[in-house]
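I have placed the structure first, in the form of structure tokens, so that the comments after it can refer back to it.
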Amino acid sequence: MMNPPIRILIAKPGLDSHDRGAKVIARALREAGMEVIYTGIRRTPEEIVQAAIEEDVHLIGLSILAGAHMQLTGRVLGLLQKNKVDDIKVILGGPIPPKDGEQLKQMGVAEVFIPGMRIKEIAGRIYELMGRS
Amino acid sequence: MALKNSSEIKKKEKKWQAENLRKQILMMGERKEEFETDSGIPVKSLYTPLDLAESNYLTSLGFPGEFPFTRGVDPNMYRSQIYRTAQFTGFATPAETNQLYRRLLAQGMTSLYMACDLPCQLGYDSDDPRAEGEVGKCGVAINSLLDMETILDGIDLNKTRITIVANANAAVILAMLDVVAERQGVDKTRITGFLQNDVLKEFFSRNTYIFPIDPSLRLHSDTIVFCKENLPNFHPFNPISYQIREAGANAVQEAAFTLADAATYVENAAKRGIPADDLGPLFFTVIVNHRDFFEEIAKIRAMRRIWARLMKEKFGAKKEEACALRFHASQGAVGLNLKRSLPEANIVRCTLAGFAGVLSGAQSVGTRTMDEAYGIPSAKASLISLRALQIIAEETGVTHTVDPLAGSYFVEWLTEEVEKRINQYLAKIDDLGGMVSAIKKGYVQNEIAQSSFAYEMDLEEKRKIIVGMNLHIDPVEEYEEHAYYQLDPALQQDQIRKLKEFKDRRDSAKLAASLAAIRETAAKPEGNENNLMVPIKEAVKSYATIGEIFRTLKEVFGEHQQG
């Protein structure tokens with residue numbers, strides 16, 4: 001039996017408005033066979049978690065380019081926990097320093113994608129995270 | 001240009017193609033099926049005088065410092081004055097930024113280029129819940145006049161040119177600058193520099209908007225009128241192509257959309273009593289240099305020519321100087337594909353882009369730094385970039401003559417081709433009812449999204465190459481090896497604590513009255529008699545914060561929602 005398609009919420013938390021990456025990734029993942037919901041810019045962590053629950057997604061893909069990734073990602077993870085959601089994985093894309101990336105993974109982020117990664121790599125890794133490689 | 005021997009050149013070119021060129025291609029093939037510029041303009045093996053047979057030197061190129069300014073805006077260019085160097089800087093707290101500026105000026109930097117943090121850009125104070133984690137990150141945190149006074153402490157505004165990247169928040173930042181200048185006691189007519197204040201592009205590329213598009217444009221015109229009356233040699237706004245390109249536009253779209261924004265501002269200013277002849281000399285743009293060396297140079301030469309003609313023919317400018325497009329050559333971090341692995345290679349990318357800026361005839365040039373794929377540049381990386389610009393100026397000799405690439409068959413042909421394509425976009429935008437209407441209809445955003453996605457696919461399929469990323473791949477090095485900048489969270493806390501203490505010390509009656517005056521003026525129709533800069537300046541003087549002023553304006557104007 002075929003698996004249902006992977007559903008992912010691409011979200012931009014905080015004040016960062018650089019949405020080129022989020023839009024490109026949203027379209028590319030759609031073309032890679034996933035169901036993609038894009039939140040638009042300047043969403044609060046609360047809005048993002050609520051949307052993820054309502055949309056019943058498998059993953060939240062946060063796009064953060066302006067340096068506030070530690071606080072914002074931490075808040076998304078905290079809100080998921082608070083809502084007792086344990087079946088939504090959080091992934092992150094942006095110019096995330098490696099040290100921060102390591103720390104974010106320890107906090108519960110499933111994968112961190114940095115500039116220079118190709119779309120195929122990213123889509124492949126998401127399929128792998130969902131056990132569908 | 002009527003070519004005397006064109007038939008002979010044509011004959012010999014055919015022979016060369018059929019014999020020598022064909023022979024090499026038969027033997028060795030070609031590296032690609034198609035050669036094209038980054039924006040997709042096909043490029044031939046060779047360009048000859050035949051490619052310029054239709055062009056007229058006097059009308060298309062002319063002389064530098066004269067209409068249509070294709071060859072540059074000054075007659076003698078870098079022989080008289082070298083381009084200014086400026087790097088986009090500002091971080092953490094006002095005190096930290098003040099120290100950085102003093103250091104840069106001591107190193108020979110000739111103008112300051114101030115970055116504000118995102119909360120400030122969007123009208124939030126450092127202690128707003130929405131500012132959590134963002135204070136001092138992308139630029140310096142500015143909450144009130146007190147912060148601006150600290151940033152500019154000890155910096156003589158008559159000697160240092162100042163540029164501030166303020167857009168949706170520009171009116172308040174301008175008022176702060178004006179008050180600081182008054183208190184420094186400097187000659188306000190000798191203050192130079194510019195505000196970014198290019199609010200239109202926020203609605204289709206950078207997205208740092210606050211109010212809906214119409215009240216945003218009203219505030220924009222208010223700042224122009226205010227500058228004319230108070231800071232006559234300060235550029236109240238500069239149309240900027242940088243964010244349009246970084247949002248994914250190609251070179252042609254970048255140029256077209258920037259010029260269309262600029263044209264809108266000229267039209268609006270005319271409605272407020274400032275004709276093209278008065279506004280033109282204050283025009284200063286920021287144009288990006290990306291990786292396609294000749295296309296970038298051709299783009300800028302074409303933009304100068306198009307702008308000069310627009311100002312003269314469409315907006316009725318009579319003074320030549322009002323038709324000159326002066327610009328700062330900027331560089332795009334995304335467009336240059338600045339990479340993390342082997343970051344030193346980025347120095348080469350930045351230098352080449354800076355070199356293109358100089359060959360395009362820039363009035364000032366800024367370079368990116370090798371570590372911008374990591375975060376805010378380190379002091380050493382900034383210095384290397386500054387030195388690169390100084391090396392180009394002092395060592396290479398390219399500054400000895402004006403517009404040295406002019407007359408290159410390829411460069412002139414490409415300039416004409418890019419010009420033609422930009423004009424096609426401008427005509428399309430006119431058909432849509434102008435730039436504001438094109439943005440409201442989503443046309444501009446959609447064009448950019450298409451290009452942006454196509455570019456990524458080109459990289460994916462290796463139709464476009466980034467050395468070290470999809471060819472000759474470098475392993476990502478250990479991050480810790482690079483001394484990149486990290487913001488001390490204690491500085492963020494410090495800014496928030498100081499703000500809270502400061503808020504309690506103010507005269508609350510005076511403050512409330514000044515905010516009420518803003519609300520009252522905002523509710524009146526746009527016009528010189530209702531210039532919002534007047535009550536905004538009074539509020540700034542009574543130390544109202546950015547958050548307080550923008551909250552007040554939002555009550556009247558509402559907020560823009562992305563479609």
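Identifiers for the structure tokens are assigned positionally: chains receive A, B, ... in sequence, residues are indexed from 1 per chain, and ligands are indexed from 1 in the order shown.
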
Within 7 Å of chain A, which residues belong to chain B? Use only C-alpha atoms and report them as a PyMOL selection string. chain B and resi 118+130+133-134+137-138+206-208+247-248+339+373-374+453+460+469+479

So that I can check the surroundings of B:Leu112, please list as a list of chain:residue names every protein, DNA and RNA residue that reaches within 8 Å of it, counting only C-alpha atoms and ignoring chain neighbours fewer than 3 positions away. B:Ala86, B:Gln87, B:Phe88, B:Thr89, B:Tyr101, B:Met109, B:Thr160, B:Arg161, B:Ile162, B:Thr163

Next, dump the selected residues to file, keeping only N, CA and C atoms, as a compact mmCIF listing (two decimals), in the first residue's frame.
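Contents of out.txt, as written:
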```txt
# COMPACT_ATOMS: atom_id res chain seq x y z
N ALA B 86 32.15 52.17 1.64
CA ALA B 86 31.20 52.09 2.74
C ALA B 86 30.83 50.64 2.95
N GLN B 87 30.76 50.26 4.18
CA GLN B 87 30.30 48.91 4.48
C GLN B 87 29.10 49.00 5.41
N PHE B 88 28.19 48.11 5.17
CA PHE B 88 26.95 48.07 5.92
C PHE B 88 27.23 47.53 7.32
N THR B 89 27.10 48.37 8.32
CA THR B 89 27.48 47.93 9.66
C THR B 89 26.52 48.47 10.71
N TYR B 101 31.92 52.39 14.69
CA TYR B 101 31.99 53.48 13.70
C TYR B 101 33.27 54.29 13.86
N MET B 109 37.61 54.50 6.33
CA MET B 109 36.27 54.42 5.76
C MET B 109 35.76 55.85 5.61
N THR B 160 31.34 63.42 8.10
CA THR B 160 31.08 62.02 7.78
C THR B 160 29.74 61.89 7.07
N ARG B 161 29.80 61.29 5.91
CA ARG B 161 28.58 61.02 5.17
C ARG B 161 27.85 59.87 5.87
N ILE B 162 26.56 60.00 5.98
CA ILE B 162 25.85 58.95 6.72
C ILE B 162 24.68 58.38 5.93
N THR B 163 24.63 57.08 5.91
CA THR B 163 23.57 56.38 5.22
C THR B 163 22.88 55.49 6.23
```

Residues near B:Leu279, cut-off 12 Å, only C-alpha atoms, skip fewer than 3 positions along chain, as a ChimeraX atom specification: /B:221,224-225,227-228,232-238,262-263,265-270,272-276,282-284,311,315-319,321-325

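If you look at atom CA of B:Met114 and atom CA of B:Leu383, they are 16.8 Å away from each other.
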
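The space separating atom CA of B:Lys15 from atom CA of B:Tyr47 comes to 14.9 Å.
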
Test item: residues at most 10 Å from B:Leu200, only C-alpha atoms, excluding those fewer than 2 positions along its chain, as a ChimeraX atom specification: /B:167-168,197-198,202-207,209,213-214,216-217,220,239,257-258,260-262,264-265,435-436,439

Leaving out A:Leu129 and any residue of its chain fewer than 2 positions from it, which residues lie within 10 Å of it when counting only C-alpha atoms, given as a PyMOL selection string? chain A and resi 59+89+91+110-111+123-127+131-133

Residue subset to file, keeping N, CA and C atoms, as a CSV table (one decimal), in the first residue's frame:
```csv
chain,number,residue,atom,x,y,z
A,59,LEU,N,5.7,17.3,9.6
A,59,LEU,CA,6.9,18.1,10.0
A,59,LEU,C,6.6,19.6,9.9
A,89,LYS,N,7.8,16.4,13.6
A,89,LYS,CA,9.2,16.7,13.7
A,89,LYS,C,9.4,18.1,13.3
A,91,ILE,N,12.2,20.7,11.6
A,91,ILE,CA,13.4,20.9,10.9
A,91,ILE,C,13.6,22.4,10.7
A,110,ALA,N,15.1,17.9,14.3
A,110,ALA,CA,15.5,16.7,13.6
A,110,ALA,C,16.6,16.9,12.6
A,111,GLU,N,16.6,18.1,12.0
A,111,GLU,CA,17.7,18.3,11.0
A,111,GLU,C,17.8,19.8,10.8
A,123,ALA,N,15.3,17.4,0.2
A,123,ALA,CA,14.1,16.5,0.0
A,123,ALA,C,14.4,15.1,0.4
A,124,GLY,N,15.6,14.6,0.0
A,124,GLY,CA,16.1,13.2,0.3
A,124,GLY,C,16.1,13.0,1.8
A,125,ARG,N,16.7,14.0,2.5
A,125,ARG,CA,16.8,13.9,4.0
A,125,ARG,C,15.5,13.9,4.7
A,126,ILE,N,14.5,14.6,4.1
A,126,ILE,CA,13.2,14.7,4.7
A,126,ILE,C,12.5,13.3,4.6
A,127,TYR,N,12.7,12.7,3.4
A,127,TYR,CA,12.1,11.4,3.2
A,127,TYR,C,12.7,10.4,4.1
A,131,GLY,N,11.4,8.0,7.4
A,131,GLY,CA,11.5,6.5,7.2
A,131,GLY,C,11.1,6.0,5.9
A,132,ARG,N,11.3,6.9,4.9
A,132,ARG,CA,10.8,6.5,3.5
A,132,ARG,C,11.9,6.6,2.5
A,133,SER,N,13.2,6.4,2.9
A,133,SER,CA,14.3,6.6,2.0
A,133,SER,C,14.3,5.4,1.0
```

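For the set A:Val76, A:Val109, A:Met130, A:Ala11, the residue with the smallest atom-to-atom gap to A:Gly61 is A:Ala11, counting only C-alpha atoms.
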
From the DSSP assignment of the backbone, select every residue of stretch 262-411 of chain B that is alpha helix (DSSP H), and format the answer as a ChimeraX atom specification. /B:262-271,276-279,293-309,345-359,379-394,409-411

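By only C-alpha atoms, and with residues fewer than 2 positions from A:Ala26 along its chain excluded, the set lying at most 9 Å from it is Ile8, Leu9, Ile10, Gly21, Ala22, Lys23, Val24, Ala28, Leu29, Arg30, Glu31, Val36, Ile37 and Tyr38 of chain A.
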
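Non-sequential neighbours of stretch 507-517 of chain B (distance at most 10 Å, separation of 4 or more positions within a chain, only C-alpha atoms) are Lys503, Thr521, Ala522, Leu532, Val534, Pro535, Ile536, Lys537, Glu538, Ala539, Val540, Lys541, Ser542, Tyr543, Ala544, Thr545, Glu548, Ile549, Phe550, Arg551, Thr552 and Leu553 of chain B.
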
Restricting the output to N, CA and C atoms, write the selected residues as a compact mmCIF listing (two decimals), in the first residue's frame.
```txt
# COMPACT_ATOMS: atom_id res chain seq x y z
N LYS B 503 12.17 54.90 29.95
CA LYS B 503 10.76 55.20 29.71
C LYS B 503 10.13 55.89 30.93
N THR B 521 -2.72 64.41 12.91
CA THR B 521 -2.24 64.72 11.56
C THR B 521 -2.43 63.53 10.62
N ALA B 522 -2.21 62.34 11.14
CA ALA B 522 -2.34 61.14 10.30
C ALA B 522 -3.77 60.99 9.78
N LEU B 532 3.51 64.68 8.13
CA LEU B 532 3.65 63.92 9.39
C LEU B 532 5.02 64.10 10.04
N VAL B 534 6.38 66.72 10.86
CA VAL B 534 6.35 67.79 11.87
C VAL B 534 6.00 67.23 13.26
N PRO B 535 4.84 66.55 13.39
CA PRO B 535 4.57 65.99 14.73
C PRO B 535 5.52 64.84 15.10
N ILE B 536 6.03 64.12 14.11
CA ILE B 536 6.97 63.03 14.44
C ILE B 536 8.25 63.60 15.06
N LYS B 537 8.72 64.70 14.49
CA LYS B 537 9.94 65.31 15.04
C LYS B 537 9.70 65.80 16.48
N GLU B 538 8.52 66.37 16.72
CA GLU B 538 8.22 66.82 18.08
C GLU B 538 8.17 65.63 19.05
N ALA B 539 7.59 64.52 18.60
CA ALA B 539 7.52 63.32 19.45
C ALA B 539 8.92 62.79 19.73
N VAL B 540 9.77 62.79 18.70
CA VAL B 540 11.15 62.34 18.87
C VAL B 540 11.86 63.21 19.91
N LYS B 541 11.62 64.51 19.84
CA LYS B 541 12.26 65.43 20.80
C LYS B 541 11.77 65.20 22.23
N SER B 542 10.52 64.72 22.34
CA SER B 542 10.05 64.42 23.70
C SER B 542 10.36 62.96 24.06
N TYR B 543 11.30 62.37 23.30
CA TYR B 543 11.82 61.03 23.56
C TYR B 543 10.76 59.92 23.49
N ALA B 544 9.78 60.11 22.59
CA ALA B 544 8.86 59.00 22.32
C ALA B 544 9.68 57.89 21.68
N THR B 545 9.31 56.65 21.94
CA THR B 545 10.05 55.54 21.35
C THR B 545 9.47 55.21 19.97
N GLU B 548 6.21 53.45 20.34
CA GLU B 548 5.08 54.32 20.66
C GLU B 548 4.60 55.08 19.42
N ILE B 549 5.54 55.56 18.64
CA ILE B 549 5.16 56.33 17.45
C ILE B 549 4.46 55.43 16.43
N PHE B 550 5.01 54.23 16.20
CA PHE B 550 4.39 53.37 15.19
C PHE B 550 3.07 52.77 15.65
N ARG B 551 2.94 52.53 16.94
CA ARG B 551 1.64 52.07 17.44
C ARG B 551 0.58 53.13 17.16
N THR B 552 0.96 54.38 17.39
CA THR B 552 0.03 55.48 17.16
C THR B 552 -0.37 55.56 15.69
N LEU B 553 0.61 55.46 14.81
CA LEU B 553 0.31 55.55 13.37
C LEU B 553 -0.51 54.35 12.90
```

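Using only C-alpha atoms, the nearest neighbour of B:Ile297 within the list B:Phe211, B:Phe557, B:Phe410, B:Phe194 is B:Phe410.
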
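Here the residues within chain A that DSSP labels strand (DSSP E) on the basis of the backbone are Arg7, Ile8, Leu9, Ile10, Ala11, Glu35, Val36, Ile37, Tyr38, Leu59, Ile60, Gly61, Leu62, Ser63, Lys89, Val90, Ile91, Leu92, Gly93, Glu111, Val112 and Phe113 of chain A.
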
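For the pair atom CA of B:Ser364 and atom CA of B:Thr85, the interatomic distance is 5.6 Å.
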
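Counting only C-alpha atoms, the residue from B:Leu310, B:Val199, B:Leu145, B:Ala106 that sits nearest to B:Ala175 is B:Leu145.
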